[in-house]
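**Student:** My structure is stored as structure18.cif, with mmCIF, C-alpha atoms and all ligand atoms; chains and numbers go by the auth columns.
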```
data_query
#
loop_
_atom_site.group_PDB
_atom_site.id
_atom_site.type_symbol
_atom_site.label_atom_id
_atom_site.label_comp_id
_atom_site.label_asym_id
_atom_site.label_seq_id
_atom_site.Cartn_x
_atom_site.Cartn_y
_atom_site.Cartn_z
_atom_site.B_iso_or_equiv
_atom_site.auth_seq_id
_atom_site.auth_asym_id
ATOM 1 C CA MET A 1 71.831 90.138 33.859 0.00 1 A
ATOM 2 C CA SER A 2 73.046 87.818 31.104 0.00 2 A
ATOM 3 C CA VAL A 3 72.779 84.111 31.966 0.00 3 A
ATOM 4 C CA LEU A 4 74.285 81.016 30.321 0.00 4 A
ATOM 5 C CA SER A 5 72.734 77.598 30.960 0.00 5 A
ATOM 6 C CA VAL A 6 74.591 74.599 29.532 0.00 6 A
ATOM 7 C CA TYR A 7 72.736 71.324 28.889 0.00 7 A
ATOM 8 C CA HIS A 8 73.379 67.950 27.355 0.00 8 A
ATOM 9 C CA GLU A 9 70.893 67.673 24.491 0.00 9 A
ATOM 10 C CA SER A 10 69.327 64.601 26.150 0.00 10 A
ATOM 11 C CA ARG A 11 68.665 66.380 29.512 0.00 11 A
ATOM 12 C CA PRO A 12 66.699 69.583 28.881 0.00 12 A
ATOM 13 C CA ASP A 13 65.385 69.376 32.453 0.00 13 A
ATOM 14 C CA GLN A 14 68.807 69.504 34.090 0.00 14 A
ATOM 15 C CA PRO A 15 71.384 72.213 33.257 0.00 15 A
ATOM 16 C CA LEU A 16 74.952 71.053 33.850 0.00 16 A
ATOM 17 C CA LYS A 17 76.029 74.640 34.512 0.00 17 A
ATOM 18 C CA VAL A 18 74.337 78.008 35.073 0.00 18 A
ATOM 19 C CA LEU A 19 76.624 81.044 34.845 0.00 19 A
ATOM 20 C CA THR A 20 75.603 84.625 35.606 0.00 20 A
ATOM 21 C CA HIS A 21 78.822 86.659 35.266 0.00 21 A
ATOM 22 C CA LEU A 22 80.200 87.790 31.928 0.00 22 A
ATOM 23 C CA GLU A 23 83.751 86.848 33.120 0.00 23 A
ATOM 24 C CA ASP A 24 82.525 83.205 33.348 0.00 24 A
ATOM 25 C CA ILE A 25 80.062 83.193 30.449 0.00 25 A
ATOM 26 C CA ALA A 26 82.380 84.666 27.791 0.00 26 A
ATOM 27 C CA PRO A 27 85.243 82.128 28.199 0.00 27 A
ATOM 28 C CA THR A 28 82.802 79.195 28.360 0.00 28 A
ATOM 29 C CA LEU A 29 81.197 80.276 25.080 0.00 29 A
ATOM 30 C CA ALA A 30 84.599 81.079 23.541 0.00 30 A
ATOM 31 C CA GLN A 31 85.564 77.398 23.991 0.00 31 A
ATOM 32 C CA VAL A 32 82.867 76.548 21.437 0.00 32 A
ATOM 33 C CA GLY A 33 83.641 79.465 19.113 0.00 33 A
ATOM 34 C CA VAL A 34 80.886 81.837 20.267 0.00 34 A
ATOM 35 C CA GLN A 35 81.711 85.400 21.306 0.00 35 A
ATOM 36 C CA LEU A 36 79.750 87.347 23.900 0.00 36 A
ATOM 37 C CA GLU A 37 80.882 90.922 24.518 0.00 37 A
ATOM 38 C CA ARG A 38 79.379 94.058 26.012 0.00 38 A
ATOM 39 C CA TRP A 39 79.288 97.292 24.067 0.00 39 A
ATOM 40 C CA GLU A 40 78.983 100.562 25.897 0.00 40 A
ATOM 41 C CA ALA A 41 75.785 102.322 24.863 0.00 41 A
ATOM 42 C CA GLY A 42 76.189 104.780 21.997 0.00 42 A
ATOM 43 C CA ALA A 43 74.093 107.945 21.983 0.00 43 A
ATOM 44 C CA PRO A 44 70.832 107.321 23.900 0.00 44 A
ATOM 45 C CA VAL A 45 68.095 105.796 21.738 0.00 45 A
ATOM 46 C CA ALA A 46 64.534 106.932 22.438 0.00 46 A
ATOM 47 C CA ALA A 47 61.742 104.367 22.769 0.00 47 A
ATOM 48 C CA GLY A 48 60.152 104.035 19.323 0.00 48 A
ATOM 49 C CA ALA A 49 63.308 105.198 17.500 0.00 49 A
ATOM 50 C CA SER A 50 63.421 104.388 13.789 0.00 50 A
ATOM 51 C CA GLN A 51 65.849 101.864 12.264 0.00 51 A
ATOM 52 C CA GLU A 52 67.924 104.803 10.924 0.00 52 A
ATOM 53 C CA GLU A 53 68.097 106.449 14.362 0.00 53 A
ATOM 54 C CA VAL A 54 69.221 103.231 16.036 0.00 54 A
ATOM 55 C CA ILE A 55 71.909 102.667 13.392 0.00 55 A
ATOM 56 C CA ALA A 56 73.049 106.306 13.676 0.00 56 A
ATOM 57 C CA ALA A 57 73.415 105.963 17.472 0.00 57 A
ATOM 58 C CA TYR A 58 75.782 102.985 17.044 0.00 58 A
ATOM 59 C CA ARG A 59 77.400 104.018 13.731 0.00 59 A
ATOM 60 C CA PRO A 60 81.042 103.980 14.972 0.00 60 A
ATOM 61 C CA GLN A 61 80.706 100.487 16.510 0.00 61 A
ATOM 62 C CA ILE A 62 78.844 99.148 13.440 0.00 62 A
ATOM 63 C CA ASP A 63 81.405 100.593 11.001 0.00 63 A
ATOM 64 C CA ARG A 64 84.279 99.149 13.013 0.00 64 A
ATOM 65 C CA LEU A 65 82.767 95.661 13.096 0.00 65 A
ATOM 66 C CA MET A 66 81.841 95.771 9.401 0.00 66 A
ATOM 67 C CA SER A 67 85.345 96.775 8.345 0.00 67 A
ATOM 68 C CA GLU A 68 87.140 94.431 10.784 0.00 68 A
ATOM 69 C CA ARG A 69 85.022 91.377 9.968 0.00 69 A
ATOM 70 C CA GLY A 70 83.788 92.146 6.463 0.00 70 A
ATOM 71 C CA TYR A 71 80.041 92.168 7.172 0.00 71 A
ATOM 72 C CA LEU A 72 77.958 93.380 4.239 0.00 72 A
ATOM 73 C CA ALA A 73 74.531 94.358 5.566 0.00 73 A
ATOM 74 C CA VAL A 74 72.920 95.714 8.707 0.00 74 A
ATOM 75 C CA ASP A 75 69.328 96.050 9.903 0.00 75 A
ATOM 76 C CA VAL A 76 67.386 96.642 13.103 0.00 76 A
ATOM 77 C CA ILE A 77 64.692 94.328 14.451 0.00 77 A
ATOM 78 C CA SER A 78 62.337 95.662 17.075 0.00 78 A
ATOM 79 C CA VAL A 79 59.554 93.530 18.547 0.00 79 A
ATOM 80 C CA THR A 80 57.287 94.569 21.392 0.00 80 A
ATOM 81 C CA ARG A 81 54.154 93.073 22.938 0.00 81 A
ATOM 82 C CA ASP A 82 51.932 95.104 20.570 0.00 82 A
ATOM 83 C CA HIS A 83 53.673 93.851 17.394 0.00 83 A
ATOM 84 C CA PRO A 84 50.924 92.513 15.091 0.00 84 A
ATOM 85 C CA GLN A 85 53.013 89.509 13.957 0.00 85 A
ATOM 86 C CA LYS A 86 54.621 88.636 17.297 0.00 86 A
ATOM 87 C CA GLU A 87 53.289 85.054 17.354 0.00 87 A
ATOM 88 C CA GLU A 88 54.454 84.286 13.780 0.00 88 A
ATOM 89 C CA LEU A 89 57.856 85.855 14.407 0.00 89 A
ATOM 90 C CA ARG A 90 58.281 83.954 17.649 0.00 90 A
ATOM 91 C CA ALA A 91 57.358 80.649 15.993 0.00 91 A
ATOM 92 C CA LYS A 92 59.723 81.272 13.056 0.00 92 A
ATOM 93 C CA PHE A 93 62.774 81.903 15.228 0.00 93 A
ATOM 94 C CA LEU A 94 61.879 78.992 17.575 0.00 94 A
ATOM 95 C CA ASP A 95 62.359 76.559 14.682 0.00 95 A
ATOM 96 C CA GLU A 96 65.901 75.259 14.882 0.00 96 A
ATOM 97 C CA HIS A 97 67.913 76.750 12.012 0.00 97 A
ATOM 98 C CA ARG A 98 71.382 77.693 10.841 0.00 98 A
ATOM 99 C CA HIS A 99 72.798 80.512 8.756 0.00 99 A
ATOM 100 C CA ALA A 100 75.671 80.079 6.310 0.00 100 A
ATOM 101 C CA GLU A 101 77.282 83.207 7.775 0.00 101 A
ATOM 102 C CA ASP A 102 77.902 84.381 11.355 0.00 102 A
ATOM 103 C CA GLU A 103 74.866 85.438 13.396 0.00 103 A
ATOM 104 C CA VAL A 104 75.845 88.810 14.880 0.00 104 A
ATOM 105 C CA ARG A 105 73.307 90.528 17.108 0.00 105 A
ATOM 106 C CA PHE A 106 73.643 93.541 19.369 0.00 106 A
ATOM 107 C CA PHE A 107 70.874 94.149 21.935 0.00 107 A
ATOM 108 C CA VAL A 108 70.047 97.858 22.062 0.00 108 A
ATOM 109 C CA ALA A 109 67.185 97.205 24.481 0.00 109 A
ATOM 110 C CA GLY A 110 65.237 94.394 26.084 0.00 110 A
ATOM 111 C CA ARG A 111 66.135 90.712 26.318 0.00 111 A
ATOM 112 C CA ALA A 112 65.729 87.357 24.576 0.00 112 A
ATOM 113 C CA LEU A 113 67.053 83.786 24.748 0.00 113 A
ATOM 114 C CA PHE A 114 69.400 82.246 22.174 0.00 114 A
ATOM 115 C CA SER A 115 69.890 78.469 22.341 0.00 115 A
ATOM 116 C CA LEU A 116 72.922 77.138 20.487 0.00 116 A
ATOM 117 C CA HIS A 117 73.033 73.433 19.612 0.00 117 A
ATOM 118 C CA ILE A 118 76.712 72.569 19.334 0.00 118 A
ATOM 119 C CA ASP A 119 77.686 68.893 18.994 0.00 119 A
ATOM 120 C CA ASP A 120 75.547 67.152 21.661 0.00 120 A
ATOM 121 C CA MET A 121 75.279 70.197 23.933 0.00 121 A
ATOM 122 C CA VAL A 122 72.863 73.124 24.143 0.00 122 A
ATOM 123 C CA TYR A 123 74.093 76.543 25.303 0.00 123 A
ATOM 124 C CA SER A 124 71.165 78.805 26.218 0.00 124 A
ATOM 125 C CA VAL A 125 72.241 82.426 26.435 0.00 125 A
ATOM 126 C CA LEU A 126 69.903 85.006 27.926 0.00 126 A
ATOM 127 C CA CYS A 127 71.008 88.179 26.141 0.00 127 A
ATOM 128 C CA GLU A 128 70.157 91.630 27.408 0.00 128 A
ATOM 129 C CA LYS A 129 70.758 95.300 26.633 0.00 129 A
ATOM 130 C CA ASN A 130 74.389 96.018 25.554 0.00 130 A
ATOM 131 C CA ASP A 131 75.206 92.357 24.768 0.00 131 A
ATOM 132 C CA LEU A 132 76.858 91.610 21.415 0.00 132 A
ATOM 133 C CA ILE A 133 76.732 87.936 20.451 0.00 133 A
ATOM 134 C CA THR A 134 78.558 86.374 17.507 0.00 134 A
ATOM 135 C CA VAL A 135 77.628 82.799 16.593 0.00 135 A
ATOM 136 C CA PRO A 136 79.717 81.099 13.890 0.00 136 A
ATOM 137 C CA GLY A 137 78.054 80.333 10.559 0.00 137 A
ATOM 138 C CA GLY A 138 76.624 76.809 10.383 0.00 138 A
ATOM 139 C CA THR A 139 75.723 76.611 14.100 0.00 139 A
ATOM 140 C CA ARG A 140 72.285 75.051 14.766 0.00 140 A
ATOM 141 C CA HIS A 141 70.259 77.369 17.014 0.00 141 A
ATOM 142 C CA TRP A 142 66.857 78.776 17.944 0.00 142 A
ATOM 143 C CA PHE A 143 65.735 82.032 19.513 0.00 143 A
ATOM 144 C CA ASP A 144 62.918 82.832 21.940 0.00 144 A
ATOM 145 C CA MET A 145 61.540 86.335 22.314 0.00 145 A
ATOM 146 C CA GLY A 146 58.882 85.197 24.809 0.00 146 A
ATOM 147 C CA GLU A 147 55.115 85.644 24.925 0.00 147 A
ATOM 148 C CA GLU A 148 55.393 89.364 25.639 0.00 148 A
ATOM 149 C CA PRO A 149 58.413 90.278 23.504 0.00 149 A
ATOM 150 C CA HIS A 150 60.452 93.377 24.183 0.00 150 A
ATOM 151 C CA PHE A 151 63.729 93.819 22.377 0.00 151 A
ATOM 152 C CA VAL A 152 65.528 95.996 19.848 0.00 152 A
ATOM 153 C CA ALA A 153 68.563 94.411 18.173 0.00 153 A
ATOM 154 C CA ILE A 154 71.031 95.452 15.496 0.00 154 A
ATOM 155 C CA ARG A 155 71.774 92.567 13.112 0.00 155 A
ATOM 156 C CA LEU A 156 74.956 92.415 11.033 0.00 156 A
ATOM 157 C CA PHE A 157 75.161 90.033 8.092 0.00 157 A
ATOM 158 C CA GLY A 158 77.988 88.561 6.035 0.00 158 A
ATOM 159 C CA ASN A 159 75.370 88.084 3.316 0.00 159 A
ATOM 160 C CA PRO A 160 74.262 91.112 1.252 0.00 160 A
ATOM 161 C CA ASP A 161 70.682 89.728 1.276 0.00 161 A
ATOM 162 C CA GLY A 162 70.436 89.921 5.079 0.00 162 A
ATOM 163 C CA TRP A 163 68.540 87.202 6.982 0.00 163 A
ATOM 164 C CA VAL A 164 68.670 83.850 5.190 0.00 164 A
ATOM 165 C CA ALA A 165 68.232 80.612 7.179 0.00 165 A
ATOM 166 C CA GLU A 166 68.128 76.878 6.599 0.00 166 A
ATOM 167 C CA PHE A 167 65.655 75.178 8.967 0.00 167 A
ATOM 168 C CA THR A 168 66.776 71.786 10.320 0.00 168 A
ATOM 169 C CA GLY A 169 63.220 70.466 10.807 0.00 169 A
ATOM 170 C CA GLU A 170 64.077 69.398 14.385 0.00 170 A
ATOM 171 C CA ARG A 171 61.524 70.216 17.137 0.00 171 A
ATOM 172 C CA ILE A 172 64.240 70.386 19.809 0.00 172 A
ATOM 173 C CA ALA A 173 63.211 73.856 21.038 0.00 173 A
ATOM 174 C CA ASP A 174 59.945 72.368 22.349 0.00 174 A
ATOM 175 C CA GLN A 175 61.913 70.330 24.910 0.00 175 A
ATOM 176 C CA PHE A 176 64.032 73.136 26.376 0.00 176 A
ATOM 177 C CA PRO A 177 63.100 75.943 28.771 0.00 177 A
ATOM 178 C CA ARG A 178 61.705 79.061 27.142 0.00 178 A
ATOM 179 C CA LEU A 179 62.479 82.679 27.934 0.00 179 A
ATOM 180 C CA ASP A 180 59.530 82.911 30.328 0.00 180 A
ATOM 181 C CA ASP A 181 60.235 79.641 32.221 0.00 181 A
HETATM 182 C C1 LIG B . 67.932 89.104 18.008 0.00 1 B
HETATM 183 S S1 LIG B . 67.738 89.104 16.292 0.00 1 B
HETATM 184 C C2 LIG B . 66.269 88.205 15.892 0.00 1 B
HETATM 185 C C3 LIG B . 66.455 86.787 15.696 0.00 1 B
HETATM 186 C C4 LIG B . 67.303 86.409 14.513 0.00 1 B
HETATM 187 O O1 LIG B . 67.612 87.189 13.647 0.00 1 B
HETATM 188 C C5 LIG B . 67.761 85.070 14.461 0.00 1 B
HETATM 189 O O2 LIG B . 68.425 84.661 13.397 0.00 1 B
HETATM 190 C C6 LIG B . 67.557 84.174 15.454 0.00 1 B
HETATM 191 O O3 LIG B . 68.127 83.004 15.377 0.00 1 B
HETATM 192 FE FE FE B . 69.273 82.772 13.636 0.00 2 B
HETATM 193 NI NI NI B . 62.369 99.528 26.039 0.00 3 B
#
```
I need this file expressed as structure tokens, please.
Ligand SMILES: CSCCC(=O)/C(O)=C/O
Ligand SMILES: [Fe+2]
Ligand code: NI

**Tutor:**
Amino acid sequence: MSVLSVYHESRPDQPLKVLTHLEDIAPTLAQVGVQLERWEAGAPVAAGASQEEVIAAYRPQIDRLMSERGYLAVDVISVTRDHPQKEELRAKFLDEHRHAEDEVRFFVAGRALFSLHIDDMVYSVLCEKNDLITVPGGTRHWFDMGEEPHFVAIRLFGNPDGWVAEFTGERIADQFPRLDD
């Protein structure tokens, strides 16, 4: 179940709103320029599938999005509890950052928490399998995969070099609930 918790940046202990239905979450996020959609699963993807197999399973959806929105690169990120760099990866994405281009992520499996820092509000979106999230370029955000990560996500980039981020240096993620809280 996808969940949206909305906070004022000064009150990480007290969400102003918690929404659990896509019909409520999507319009709330749309008001701040963020899109949350659900894609029907493509061909089934086996556990341990390669990046090429995951992309092949969702090829029609990926091609459509790339041609409609002009994205230039695609990759697959897969992190599970036995990933040798899970702590480093978790720490990297927990640092508040922004990308010059849209952040477009489709969850093939598993779940993780995106927190979007827009004006003086924080929108924490628990994304799960079949969710497609599009965050406008320039949006401050962080991402928590949890202590025991389990997700596979397709990433689409408007930048031919793929993942490039500018870290804000703010420790705001430390104040807000994590995936496992
Ligand atoms: C779900 S994709 C992994 C995280 C990532 O690419 C990112 O930019 C998080 O903010
Ligand atoms: Fe990001
Ligand atoms: Ni799985």

**Student:** Go through A:Asp174, A:Asp180, A:Asp144, A:Glu40 and flag the residue nearest ligand LIG 1 (chain B), using only C-alpha atoms and all ligand atoms for the distances.

**Tutor:**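 The shortest atom-to-atom distance to ligand LIG 1 (chain B) comes from A:Asp144.
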
**Student:** Considering only C-alpha atoms, return as a list in words whatever protein or nucleic-acid residues lie within 10 Å of stretch 62-67 of chain A, sequence-local ones (same chain, fewer than 6 positions apart) excluded.

**Tutor:**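 Those residues are Ile55, Ala56, Ala73, Val74, Val104, Phe106, Ile154, Arg155, Leu156, Phe157 and Gly158 of chain A.
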
**Student:** If the PyMOL selection byres (((not hetatm)) within 9 of (chain B and resi 3)) is run on the structure shown, which residues does it catch, given as a PyMOL selection string?

**Tutor:** chain A and resi 46-48+80+108-110+150-152

**Student:** List the spatial neighbours of A:Cys127 as a list in words - criterion: any atom at most 6 Å away, all atoms listed in the file, same-chain residues fewer than 4 positions off excluded.

**Tutor:**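 So, after excluding close chain neighbours, the residues are Ser2, Arg111 and Ala112 of chain A.
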
**Student:** Please identify every polymer residue within 8 Å of ligand LIG 1 (chain B), using only C-alpha atoms and all ligand atoms, and present the set as an mmCIF file with C-alpha atoms, keeping the file's coordinate frame.

**Tutor:**
```
data_model
loop_
_atom_site.group_PDB
_atom_site.id
_atom_site.type_symbol
_atom_site.label_atom_id
_atom_site.label_comp_id
_atom_site.auth_asym_id
_atom_site.auth_seq_id
_atom_site.Cartn_x
_atom_site.Cartn_y
_atom_site.Cartn_z
ATOM 1 C CA ILE A 77 64.692 94.328 14.451
ATOM 2 C CA PHE A 93 62.774 81.903 15.228
ATOM 3 C CA LEU A 94 61.879 78.992 17.575
ATOM 4 C CA HIS A 97 67.913 76.750 12.012
ATOM 5 C CA ARG A 98 71.382 77.693 10.841
ATOM 6 C CA HIS A 99 72.798 80.512 8.756
ATOM 7 C CA GLU A 103 74.866 85.438 13.396
ATOM 8 C CA ARG A 105 73.307 90.528 17.108
ATOM 9 C CA PHE A 106 73.643 93.541 19.369
ATOM 10 C CA PHE A 107 70.874 94.149 21.935
ATOM 11 C CA ALA A 112 65.729 87.357 24.576
ATOM 12 C CA PHE A 114 69.400 82.246 22.174
ATOM 13 C CA HIS A 141 70.259 77.369 17.014
ATOM 14 C CA TRP A 142 66.857 78.776 17.944
ATOM 15 C CA PHE A 143 65.735 82.032 19.513
ATOM 16 C CA PHE A 151 63.729 93.819 22.377
ATOM 17 C CA VAL A 152 65.528 95.996 19.848
ATOM 18 C CA ALA A 153 68.563 94.411 18.173
ATOM 19 C CA ILE A 154 71.031 95.452 15.496
ATOM 20 C CA ARG A 155 71.774 92.567 13.112
ATOM 21 C CA TRP A 163 68.540 87.202 6.982
ATOM 22 C CA ALA A 165 68.232 80.612 7.179
#
```

**Student:** Spell out the residues picked by the PyMOL selection byres (((chain A and resi 84-90) around 10) and not hetatm) here, as a ChimeraX atom specification.

**Tutor:** /A:79-83,91-95,143-149

**Student:** Could you check which of A:Pro15, A:Gly33, A:Gly162, A:Pro27 is closest to ligand FE 2 (chain B), using all atoms listed in the file?

**Tutor:**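 Checking each of A:Pro15, A:Gly33, A:Gly162, A:Pro27 against ligand FE 2 (chain B), counting all atoms listed in the file, the winner is A:Gly162.
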
**Student:** Mind telling me what the PyMOL selection byres (((chain A and resi 37) around 7) and not hetatm) catches here, as a list in words?

**Tutor:** Gln35, Leu36, Arg38, Trp39, Asp131, Leu132 and Ile133 of chain A

**Student:** Please compute the atom CA of A:Glu101-atom CA of A:Gly70 distance, one decimal, in Å.

**Tutor:**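 Result for atom CA of A:Glu101 versus atom CA of A:Gly70: 11.1 Å, one decimal.
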
**Student:** Edge lengths and centre in Å to one decimal, as AutoDock Vina command-line options, of the axis-aligned box that encloses all listed atoms of stretch 174-178 of chain A with 5 Å added on every side?

**Tutor:**
```
--center_x 62.0 --center_y 74.7 --center_z 25.6 --size_x 14.1 --size_y 18.7 --size_z 16.4
```

**Student:** Here is a test: counting all atoms listed in the file, which residue of A:Val125, A:Met1, A:Ala100, A:Ala26 is nearest to ligand FE 2 (chain B)?

**Tutor:** A:Ala100

**Student:** With distances taken over only C-alpha atoms and all ligand atoms, which residue among A:Asp120, A:Asp102, A:Asp161, A:Asp75 lies nearest ligand FE 2 (chain B)?

**Tutor:**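 Answer, going by the shortest atom-to-atom distance: A:Asp102.
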
**Student:** Quick one, how far is atom CA of A:Val122 from atom CA of A:His21?

**Tutor:**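 Computed distance, atom CA of A:Val122 to atom CA of A:His21, equals 18.5 Å.
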